[in-house]
$ cat start.cif   # mmCIF, C-alpha atoms and all ligand atoms; chains and numbers go by the auth columns
data_start
#
loop_
_atom_site.group_PDB
_atom_site.id
_atom_site.type_symbol
_atom_site.label_atom_id
_atom_site.label_comp_id
_atom_site.label_asym_id
_atom_site.label_seq_id
_atom_site.Cartn_x
_atom_site.Cartn_y
_atom_site.Cartn_z
_atom_site.B_iso_or_equiv
_atom_site.auth_seq_id
_atom_site.auth_asym_id
ATOM 1 C CA MET A 1 0.000 0.000 0.000 0.00 1 D
ATOM 2 C CA LYS A 2 3.041 2.247 0.431 0.00 2 D
ATOM 3 C CA ALA A 3 3.806 1.802 -3.285 0.00 3 D
ATOM 4 C CA VAL A 4 0.226 2.771 -4.107 0.00 4 D
ATOM 5 C CA ARG A 5 0.736 6.043 -2.262 0.00 5 D
ATOM 6 C CA HIS A 6 3.773 6.834 -4.424 0.00 6 D
ATOM 7 C CA MET A 7 2.151 5.754 -7.669 0.00 7 D
ATOM 8 C CA ARG A 8 -1.375 7.153 -7.418 0.00 8 D
ATOM 9 C CA LYS A 9 -2.187 9.941 -9.898 0.00 9 D
ATOM 10 C CA ASP A 10 -4.638 11.623 -7.531 0.00 10 D
ATOM 11 C CA GLU A 11 -1.748 12.249 -5.108 0.00 11 D
ATOM 12 C CA GLY A 12 0.863 13.456 -7.617 0.00 12 D
ATOM 13 C CA GLY A 13 2.166 10.084 -8.858 0.00 13 D
ATOM 14 C CA GLU A 14 2.231 8.750 -12.400 0.00 14 D
ATOM 15 C CA GLY A 15 -0.041 5.715 -12.114 0.00 15 D
ATOM 16 C CA GLY A 16 1.344 2.369 -13.239 0.00 16 D
ATOM 17 C CA THR A 17 0.870 -1.360 -12.853 0.00 17 D
ATOM 18 C CA ILE A 18 1.042 -3.742 -9.893 0.00 18 D
ATOM 19 C CA VAL A 19 1.187 -7.458 -10.692 0.00 19 D
ATOM 20 C CA ASN A 20 0.465 -9.657 -7.681 0.00 20 D
ATOM 21 C CA ILE A 21 1.639 -13.261 -7.944 0.00 21 D
ATOM 22 C CA SER A 22 -0.928 -15.759 -6.696 0.00 22 D
ATOM 23 C CA SER A 23 -0.769 -19.414 -7.794 0.00 23 D
ATOM 24 C CA THR A 24 -2.876 -22.313 -8.982 0.00 24 D
ATOM 25 C CA ALA A 25 -2.632 -23.231 -5.288 0.00 25 D
ATOM 26 C CA GLY A 26 -4.782 -20.137 -4.634 0.00 26 D
ATOM 27 C CA LEU A 27 -7.440 -21.460 -7.032 0.00 27 D
ATOM 28 C CA CYS A 28 -7.479 -25.178 -6.176 0.00 28 D
ATOM 29 C CA LYS A 29 -8.112 -27.020 -2.913 0.00 29 D
ATOM 30 C CA TYR A 30 -4.703 -28.709 -2.738 0.00 30 D
ATOM 31 C CA THR A 31 -4.601 -30.834 0.395 0.00 31 D
ATOM 32 C CA PHE A 32 -0.802 -30.841 0.232 0.00 32 D
ATOM 33 C CA LEU A 33 -0.459 -27.032 0.326 0.00 33 D
ATOM 34 C CA PRO A 34 -3.126 -25.736 2.719 0.00 34 D
ATOM 35 C CA ILE A 35 -1.171 -22.870 4.270 0.00 35 D
ATOM 36 C CA TYR A 36 0.574 -21.789 1.077 0.00 36 D
ATOM 37 C CA GLY A 37 -2.744 -22.134 -0.816 0.00 37 D
ATOM 38 C CA GLY A 38 -4.475 -20.023 1.815 0.00 38 D
ATOM 39 C CA SER A 39 -1.887 -17.273 1.432 0.00 39 D
ATOM 40 C CA LYS A 40 -2.203 -17.391 -2.374 0.00 40 D
ATOM 41 C CA GLY A 41 -6.001 -17.238 -2.163 0.00 41 D
ATOM 42 C CA ALA A 42 -5.502 -14.163 -0.014 0.00 42 D
ATOM 43 C CA VAL A 43 -3.258 -12.593 -2.671 0.00 43 D
ATOM 44 C CA LEU A 44 -5.995 -13.038 -5.258 0.00 44 D
ATOM 45 C CA HIS A 45 -8.730 -11.669 -3.008 0.00 45 D
ATOM 46 C CA PHE A 46 -6.533 -8.745 -1.960 0.00 46 D
ATOM 47 C CA SER A 47 -5.952 -7.857 -5.625 0.00 47 D
ATOM 48 C CA GLN A 48 -9.608 -8.119 -6.610 0.00 48 D
ATOM 49 C CA SER A 49 -10.684 -6.031 -3.634 0.00 49 D
ATOM 50 C CA LEU A 50 -8.059 -3.390 -4.327 0.00 50 D
ATOM 51 C CA ALA A 51 -8.787 -3.253 -8.058 0.00 51 D
ATOM 52 C CA ARG A 52 -12.511 -2.686 -7.630 0.00 52 D
ATOM 53 C CA GLU A 53 -13.737 0.551 -9.199 0.00 53 D
ATOM 54 C CA PRO A 54 -13.268 3.469 -8.675 0.00 54 D
ATOM 55 C CA PHE A 55 -9.660 2.548 -7.722 0.00 55 D
ATOM 56 C CA TYR A 56 -8.259 2.683 -11.271 0.00 56 D
ATOM 57 C CA ASP A 57 -10.196 5.840 -12.216 0.00 57 D
ATOM 58 C CA ASN A 58 -8.845 7.575 -9.113 0.00 58 D
ATOM 59 C CA THR A 59 -5.264 6.311 -9.117 0.00 59 D
ATOM 60 C CA GLY A 60 -4.335 5.277 -12.680 0.00 60 D
ATOM 61 C CA ILE A 61 -2.875 2.081 -11.182 0.00 61 D
ATOM 62 C CA ARG A 62 -3.732 -1.273 -12.774 0.00 62 D
ATOM 63 C CA VAL A 63 -3.792 -4.172 -10.317 0.00 63 D
ATOM 64 C CA ILE A 64 -3.366 -7.497 -12.129 0.00 64 D
ATOM 65 C CA THR A 65 -3.025 -11.028 -10.734 0.00 65 D
ATOM 66 C CA LEU A 66 -1.001 -13.862 -12.232 0.00 66 D
ATOM 67 C CA CYS A 67 -1.698 -17.430 -11.083 0.00 67 D
ATOM 68 C CA PRO A 68 1.188 -19.620 -12.247 0.00 68 D
ATOM 69 C CA GLY A 69 1.051 -23.396 -12.005 0.00 69 D
ATOM 70 C CA PRO A 70 4.151 -25.272 -10.832 0.00 70 D
ATOM 71 C CA THR A 71 7.144 -23.659 -12.537 0.00 71 D
ATOM 72 C CA ALA A 72 10.761 -24.821 -12.543 0.00 72 D
ATOM 73 C CA THR A 73 12.269 -22.439 -9.974 0.00 73 D
ATOM 74 C CA LYS A 74 13.993 -23.063 -6.625 0.00 74 D
ATOM 75 C CA LEU A 75 10.630 -22.966 -4.884 0.00 75 D
ATOM 76 C CA MET A 76 9.617 -26.270 -6.476 0.00 76 D
ATOM 77 C CA GLU A 77 12.844 -28.091 -5.599 0.00 77 D
ATOM 78 C CA GLY A 78 12.246 -31.012 -3.225 0.00 78 D
ATOM 79 C CA LEU A 79 8.569 -30.132 -2.816 0.00 79 D
ATOM 80 C CA ASP A 80 7.704 -33.782 -2.142 0.00 80 D
ATOM 81 C CA ASN A 81 9.986 -33.779 0.917 0.00 81 D
ATOM 82 C CA ARG A 82 8.357 -30.696 2.381 0.00 82 D
ATOM 83 C CA ILE A 83 4.767 -31.981 2.409 0.00 83 D
ATOM 84 C CA VAL A 84 3.597 -31.969 6.036 0.00 84 D
ATOM 85 C CA GLU A 85 0.237 -33.708 5.612 0.00 85 D
ATOM 86 C CA THR A 86 1.287 -37.157 4.426 0.00 86 D
ATOM 87 C CA SER A 87 -2.285 -38.276 3.641 0.00 87 D
ATOM 88 C CA SER A 88 -2.224 -35.764 0.792 0.00 88 D
ATOM 89 C CA MET A 89 0.518 -37.609 -1.114 0.00 89 D
ATOM 90 C CA LYS A 90 -2.189 -39.362 -3.146 0.00 90 D
ATOM 91 C CA GLN A 91 -3.437 -36.029 -4.509 0.00 91 D
ATOM 92 C CA ILE A 92 0.047 -34.783 -5.350 0.00 92 D
ATOM 93 C CA GLN A 93 0.800 -38.062 -7.127 0.00 93 D
ATOM 94 C CA SER A 94 -2.372 -38.009 -9.218 0.00 94 D
ATOM 95 C CA LEU A 95 -1.694 -34.360 -10.053 0.00 95 D
ATOM 96 C CA SER A 96 1.770 -35.178 -11.354 0.00 96 D
ATOM 97 C CA ASP A 97 0.144 -37.570 -13.863 0.00 97 D
ATOM 98 C CA VAL A 98 -1.750 -34.709 -15.522 0.00 98 D
ATOM 99 C CA GLN A 99 0.284 -31.603 -14.771 0.00 99 D
ATOM 100 C CA ILE A 100 3.809 -30.709 -15.792 0.00 100 D
ATOM 101 C CA ILE A 101 6.225 -28.366 -14.083 0.00 101 D
ATOM 102 C CA GLN A 102 6.326 -25.610 -16.654 0.00 102 D
ATOM 103 C CA SER A 103 9.403 -23.771 -17.879 0.00 103 D
ATOM 104 C CA ILE A 104 10.338 -20.319 -16.627 0.00 104 D
ATOM 105 C CA PRO A 105 10.074 -18.830 -20.177 0.00 105 D
ATOM 106 C CA SER A 106 6.441 -19.916 -20.230 0.00 106 D
ATOM 107 C CA ALA A 107 5.698 -17.961 -17.039 0.00 107 D
ATOM 108 C CA VAL A 108 7.694 -14.996 -18.376 0.00 108 D
ATOM 109 C CA ALA A 109 5.707 -15.007 -21.652 0.00 109 D
ATOM 110 C CA ALA A 110 2.517 -14.914 -19.570 0.00 110 D
ATOM 111 C CA MET A 111 3.820 -11.951 -17.593 0.00 111 D
ATOM 112 C CA MET A 112 4.734 -10.058 -20.791 0.00 112 D
ATOM 113 C CA LYS A 113 1.292 -10.630 -22.272 0.00 113 D
ATOM 114 C CA LEU A 114 -0.615 -9.478 -19.222 0.00 114 D
ATOM 115 C CA LEU A 115 1.603 -6.426 -18.865 0.00 115 D
ATOM 116 C CA LYS A 116 0.762 -5.485 -22.458 0.00 116 D
ATOM 117 C CA GLU A 117 -2.908 -6.451 -22.500 0.00 117 D
ATOM 118 C CA GLY A 118 -4.193 -6.846 -18.942 0.00 118 D
ATOM 119 C CA ASP A 119 -6.956 -4.578 -17.721 0.00 119 D
ATOM 120 C CA ASN A 120 -7.180 -3.416 -14.146 0.00 120 D
ATOM 121 C CA GLY A 121 -8.629 -6.270 -12.062 0.00 121 D
ATOM 122 C CA SER A 122 -7.740 -8.954 -14.576 0.00 122 D
ATOM 123 C CA VAL A 123 -6.631 -12.431 -13.444 0.00 123 D
ATOM 124 C CA TRP A 124 -4.488 -14.758 -15.534 0.00 124 D
ATOM 125 C CA LEU A 125 -3.523 -18.432 -15.390 0.00 125 D
ATOM 126 C CA SER A 126 -0.163 -19.681 -16.684 0.00 126 D
ATOM 127 C CA ALA A 127 0.292 -23.439 -16.371 0.00 127 D
ATOM 128 C CA ASN A 128 1.485 -26.561 -18.146 0.00 128 D
ATOM 129 C CA ASP A 129 3.568 -24.599 -20.676 0.00 129 D
ATOM 130 C CA LYS A 130 0.318 -23.499 -22.339 0.00 130 D
ATOM 131 C CA PRO A 131 -0.549 -19.979 -23.485 0.00 131 D
ATOM 132 C CA VAL A 132 -1.784 -17.747 -20.682 0.00 132 D
ATOM 133 C CA VAL A 133 -5.559 -17.922 -20.051 0.00 133 D
ATOM 134 C CA GLU A 134 -7.625 -15.008 -18.736 0.00 134 D
ATOM 135 C CA LEU A 135 -9.778 -15.971 -15.713 0.00 135 D
ATOM 136 C CA THR A 136 -11.219 -12.542 -14.875 0.00 136 D
ATOM 137 C CA GLU A 137 -14.824 -13.215 -15.876 0.00 137 D
ATOM 138 C CA LYS A 138 -15.007 -16.542 -14.019 0.00 138 D
ATOM 139 C CA ILE A 139 -13.401 -15.196 -10.846 0.00 139 D
ATOM 140 C CA ASN A 140 -15.566 -12.075 -10.746 0.00 140 D
ATOM 141 C CA LYS A 141 -18.759 -14.043 -11.480 0.00 141 D
ATOM 142 C CA HIS A 142 -17.953 -16.328 -8.539 0.00 142 D
ATOM 143 C CA LEU A 143 -17.156 -13.413 -6.199 0.00 143 D
ATOM 144 C CA ASP A 144 -20.176 -11.344 -7.337 0.00 144 D
ATOM 145 C CA GLU A 145 -22.533 -14.302 -6.758 0.00 145 D
ATOM 146 C CA LEU A 146 -21.160 -14.824 -3.252 0.00 146 D
ATOM 147 C CA GLU A 147 -21.485 -11.111 -2.521 0.00 147 D
ATOM 148 C CA LYS A 148 -25.154 -11.197 -3.588 0.00 148 D
ATOM 149 C CA LEU A 149 -25.736 -14.047 -1.119 0.00 149 D
ATOM 150 C CA THR A 150 -24.272 -11.955 1.689 0.00 150 D
ATOM 151 C CA LEU A 151 -26.817 -9.237 0.879 0.00 151 D
ATOM 152 C CA ALA A 152 -29.888 -11.478 0.423 0.00 152 D
HETATM 153 N N1 LIG B . 7.657 -21.714 -8.793 0.00 201 D
HETATM 154 C C1 LIG B . 6.382 -22.021 -8.782 0.00 201 D
HETATM 155 O O1 LIG B . 5.979 -23.151 -9.075 0.00 201 D
HETATM 156 C C2 LIG B . 5.377 -20.972 -8.482 0.00 201 D
HETATM 157 C C3 LIG B . 5.713 -19.809 -7.842 0.00 201 D
HETATM 158 N N2 LIG B . 4.734 -18.900 -7.539 0.00 201 D
HETATM 159 C C4 LIG B . 5.069 -17.658 -6.844 0.00 201 D
HETATM 160 O O2 LIG B . 5.986 -16.913 -7.602 0.00 201 D
HETATM 161 C C5 LIG B . 6.715 -16.072 -6.725 0.00 201 D
HETATM 162 C C6 LIG B . 8.193 -16.196 -7.019 0.00 201 D
HETATM 163 O O3 LIG B . 8.584 -17.520 -6.705 0.00 201 D
HETATM 164 P P1 LIG B . 9.730 -18.322 -7.466 0.00 201 D
HETATM 165 O O4 LIG B . 10.419 -17.428 -8.426 0.00 201 D
HETATM 166 O O5 LIG B . 9.137 -19.561 -7.945 0.00 201 D
HETATM 167 O O6 LIG B . 10.625 -18.690 -6.233 0.00 201 D
HETATM 168 P P2 LIG B . 12.168 -18.527 -5.972 0.00 201 D
HETATM 169 O O7 LIG B . 12.406 -19.247 -4.705 0.00 201 D
HETATM 170 O O8 LIG B . 12.949 -18.918 -7.176 0.00 201 D
HETATM 171 O O9 LIG B . 12.325 -16.961 -5.775 0.00 201 D
HETATM 172 C C7 LIG B . 11.816 -16.301 -4.654 0.00 201 D
HETATM 173 C C8 LIG B . 12.609 -15.029 -4.458 0.00 201 D
HETATM 174 O O10 LIG B . 12.038 -14.313 -3.375 0.00 201 D
HETATM 175 C C9 LIG B . 13.106 -13.806 -2.571 0.00 201 D
HETATM 176 N N3 LIG B . 12.598 -13.596 -1.216 0.00 201 D
HETATM 177 C C10 LIG B . 12.194 -14.534 -0.338 0.00 201 D
HETATM 178 N N4 LIG B . 11.804 -13.962 0.804 0.00 201 D
HETATM 179 C C11 LIG B . 11.935 -12.637 0.636 0.00 201 D
HETATM 180 C C12 LIG B . 11.695 -11.514 1.461 0.00 201 D
HETATM 181 N N5 LIG B . 11.202 -11.655 2.683 0.00 201 D
HETATM 182 N N6 LIG B . 11.931 -10.278 0.969 0.00 201 D
HETATM 183 C C13 LIG B . 12.405 -10.131 -0.286 0.00 201 D
HETATM 184 N N7 LIG B . 12.654 -11.159 -1.131 0.00 201 D
HETATM 185 C C14 LIG B . 12.426 -12.393 -0.664 0.00 201 D
HETATM 186 C C15 LIG B . 14.161 -14.889 -2.651 0.00 201 D
HETATM 187 O O11 LIG B . 15.420 -14.383 -2.314 0.00 201 D
HETATM 188 C C16 LIG B . 14.075 -15.292 -4.120 0.00 201 D
HETATM 189 O O12 LIG B . 14.872 -14.479 -4.941 0.00 201 D
HETATM 190 C C17 LIG B . 6.336 -16.485 -5.291 0.00 201 D
HETATM 191 O O13 LIG B . 5.352 -15.588 -4.824 0.00 201 D
HETATM 192 C C18 LIG B . 5.719 -17.862 -5.485 0.00 201 D
HETATM 193 O O14 LIG B . 4.802 -18.176 -4.487 0.00 201 D
HETATM 194 C C19 LIG B . 3.439 -19.080 -7.894 0.00 201 D
HETATM 195 C C20 LIG B . 3.070 -20.208 -8.533 0.00 201 D
HETATM 196 C C21 LIG B . 3.980 -21.243 -8.892 0.00 201 D
HETATM 197 C C1 LIG B . 6.431 -24.371 -1.645 0.00 202 D
HETATM 198 C C2 LIG B . 5.243 -24.452 -2.522 0.00 202 D
HETATM 199 C C3 LIG B . 5.526 -24.389 -4.002 0.00 202 D
HETATM 200 C C4 LIG B . 4.219 -24.291 -4.696 0.00 202 D
HETATM 201 C C5 LIG B . 4.287 -23.843 -6.113 0.00 202 D
HETATM 202 C C6 LIG B . 2.955 -23.363 -6.497 0.00 202 D
HETATM 203 O O1 LIG B . 2.652 -22.187 -6.330 0.00 202 D
HETATM 204 C C7 LIG B . 1.943 -24.253 -7.030 0.00 202 D
HETATM 205 C C8 LIG B . 2.113 -25.561 -7.133 0.00 202 D
HETATM 206 C C9 LIG B . 1.021 -26.383 -7.539 0.00 202 D
HETATM 207 C C10 LIG B . 1.063 -27.690 -7.715 0.00 202 D
HETATM 208 C C11 LIG B . 2.201 -28.499 -7.604 0.00 202 D
HETATM 209 C C12 LIG B . 2.164 -29.798 -7.914 0.00 202 D
HETATM 210 C C13 LIG B . 3.312 -30.627 -7.937 0.00 202 D
HETATM 211 C C14 LIG B . 3.159 -31.920 -8.185 0.00 202 D
HETATM 212 C C15 LIG B . 4.189 -32.921 -8.424 0.00 202 D
HETATM 213 O O2 LIG B . 4.633 -32.859 -9.731 0.00 202 D
HETATM 214 C C16 LIG B . 5.359 -32.972 -7.472 0.00 202 D
HETATM 215 O O3 LIG B . 5.552 -34.333 -7.265 0.00 202 D
HETATM 216 C C17 LIG B . 6.572 -32.303 -7.964 0.00 202 D
HETATM 217 C C18 LIG B . 7.684 -32.366 -6.934 0.00 202 D
HETATM 218 C C19 LIG B . 8.911 -31.739 -7.479 0.00 202 D
HETATM 219 C C20 LIG B . 10.043 -31.894 -6.544 0.00 202 D
HETATM 220 O O4 LIG B . 11.095 -31.425 -6.918 0.00 202 D
HETATM 221 O O5 LIG B . 9.875 -32.468 -5.474 0.00 202 D
#

$ encode --input "start.cif" --output "structure tokens" --more "lines below"
Ligand SMILES: NC(=O)C1=CN([C@@H]2O[C@H](COP(=O)(O)OP(=O)(O)OC[C@H]3O[C@@H](n4cnc5c(N)ncnc54)[C@H](O)[C@@H]3O)[C@@H](O)[C@H]2O)C=CC1
Ligand SMILES: CCCCCC(=O)/C=C/C=C\C=C\C=C\[C@@H](O)[C@@H](O)CCCC(=O)O
Amino acid sequence: MKAVRHMRKDEGGEGGTIVNISSTAGLCKYTFLPIYGGSKGAVLHFSQSLAREPFYDNTGIRVITLCPGPTATKLMEGLDNRIVETSSMKQIQSLSDVQIIQSIPSAVAAMMKLLKEGDNGSVWLSANDKPVVELTEKINKHLDELEKLTLA
């Protein structure tokens, strides 16, 4: 929020872009990453709450969220040995049958695309070495429906 104060146009800044890094672990109920997944869900919710209008109109700051799937960085090294809930090994094993650990260039390509094309409040998925997918509509539909329930 300190960066926002420096960047915001309505307080003398130049606007800009903030990209928050969530994860597929923030989208999926992974039994092997409950704490990490919880923190990544929080990153996504923080971004969507911050990006809600009139934030962009007032500040000129785009807030965008990237949700990468497993990507070949140091963070993924020895993941199997760091799983605390051993009953979740079954889920991690079945996941590794259908999901690959993507290359860093794939995640970088996703970042470049969303920097060029991403609207304020947009959410993007980059996984399995596939082209980046925009999730904004699905995420906002889900959040808007839940919000309606809180008001009913
Ligand atoms: N690698 C993966 O599979 C995925 C990673 N992510 C997220 O991407 C982001 C970057 O992770 P990676 O590049 O994969 O990990 P990494 O371990 O390669 O890099 C993390 C970097 O953060 C720095 N760092 C750690 N604690 C810090 C602190 N308190 N203050 C400042 N810098 C600190 C480390 O020195 C390191 O350079 C993280 O938020 C991670 O959760 C999201 C989805 C998948
Ligand atoms: C410390 C947490 C890193 C989490 C990275 C992330 O944000 C999302 C990961 C999502 C799913 C990961 C699935 C991994 C499944 C298997 O392929 C696993 O067996 C790979 C283990 C690799 C290793 O070096 O141990």

$ resolve_selection --input "start.cif" --expression "the PyMOL selection byres (((chain D and resi 127-144) around 9) and not hetatm)" --output "mmCIF file with C-alpha atoms, in the coordinates of the input"
data_model
loop_
_atom_site.group_PDB
_atom_site.id
_atom_site.type_symbol
_atom_site.label_atom_id
_atom_site.label_comp_id
_atom_site.auth_asym_id
_atom_site.auth_seq_id
_atom_site.Cartn_x
_atom_site.Cartn_y
_atom_site.Cartn_z
ATOM 1 C CA THR D 24 -2.876 -22.313 -8.982
ATOM 2 C CA GLN D 48 -9.608 -8.119 -6.610
ATOM 3 C CA CYS D 67 -1.698 -17.430 -11.083
ATOM 4 C CA PRO D 68 1.188 -19.620 -12.247
ATOM 5 C CA GLY D 69 1.051 -23.396 -12.005
ATOM 6 C CA PRO D 70 4.151 -25.272 -10.832
ATOM 7 C CA THR D 71 7.144 -23.659 -12.537
ATOM 8 C CA GLN D 99 0.284 -31.603 -14.771
ATOM 9 C CA ILE D 100 3.809 -30.709 -15.792
ATOM 10 C CA ILE D 101 6.225 -28.366 -14.083
ATOM 11 C CA GLN D 102 6.326 -25.610 -16.654
ATOM 12 C CA SER D 103 9.403 -23.771 -17.879
ATOM 13 C CA ILE D 104 10.338 -20.319 -16.627
ATOM 14 C CA PRO D 105 10.074 -18.830 -20.177
ATOM 15 C CA SER D 106 6.441 -19.916 -20.230
ATOM 16 C CA ALA D 107 5.698 -17.961 -17.039
ATOM 17 C CA ALA D 109 5.707 -15.007 -21.652
ATOM 18 C CA ALA D 110 2.517 -14.914 -19.570
ATOM 19 C CA MET D 111 3.820 -11.951 -17.593
ATOM 20 C CA LYS D 113 1.292 -10.630 -22.272
ATOM 21 C CA LEU D 114 -0.615 -9.478 -19.222
ATOM 22 C CA GLY D 118 -4.193 -6.846 -18.942
ATOM 23 C CA GLY D 121 -8.629 -6.270 -12.062
ATOM 24 C CA SER D 122 -7.740 -8.954 -14.576
ATOM 25 C CA VAL D 123 -6.631 -12.431 -13.444
ATOM 26 C CA TRP D 124 -4.488 -14.758 -15.534
ATOM 27 C CA LEU D 125 -3.523 -18.432 -15.390
ATOM 28 C CA SER D 126 -0.163 -19.681 -16.684
ATOM 29 C CA GLU D 145 -22.533 -14.302 -6.758
ATOM 30 C CA LEU D 146 -21.160 -14.824 -3.252
ATOM 31 C CA GLU D 147 -21.485 -11.111 -2.521
ATOM 32 C CA LYS D 148 -25.154 -11.197 -3.588
ATOM 33 C CA LEU D 149 -25.736 -14.047 -1.119
#

$ atom_distance --input "start.cif" --atom1 "atom CA of Leu115 of chain D" --atom2 "atom CA of Ile61 of chain D"
12.3 Å

$ residues_near_ligand --input "start.cif" --ligand "ligand LIG 202 (chain D)" --cutoff "9 Å" --atoms "only C-alpha atoms and all ligand atoms" --output "ChimeraX atom specification"
/D:22-26,28,30,32-33,36-37,40,67-83,89,91-101

$ resolve_selection --input "start.cif" --expression "the PyMOL selection byres (((chain D and resi 17) around 12) and not hetatm)" --output "NGL selection string"
:D and (3-4 or 7-8 or 14-16 or 18-20 or 47 or 51 or 56 or 59-65 or 111 or 114-122)

$ atom_distance --input "start.cif" --atom1 "atom O1 of ligand LIG 201 (chain D)" --atom2 "atom CA of Val108 of chain D"
12.5 Å
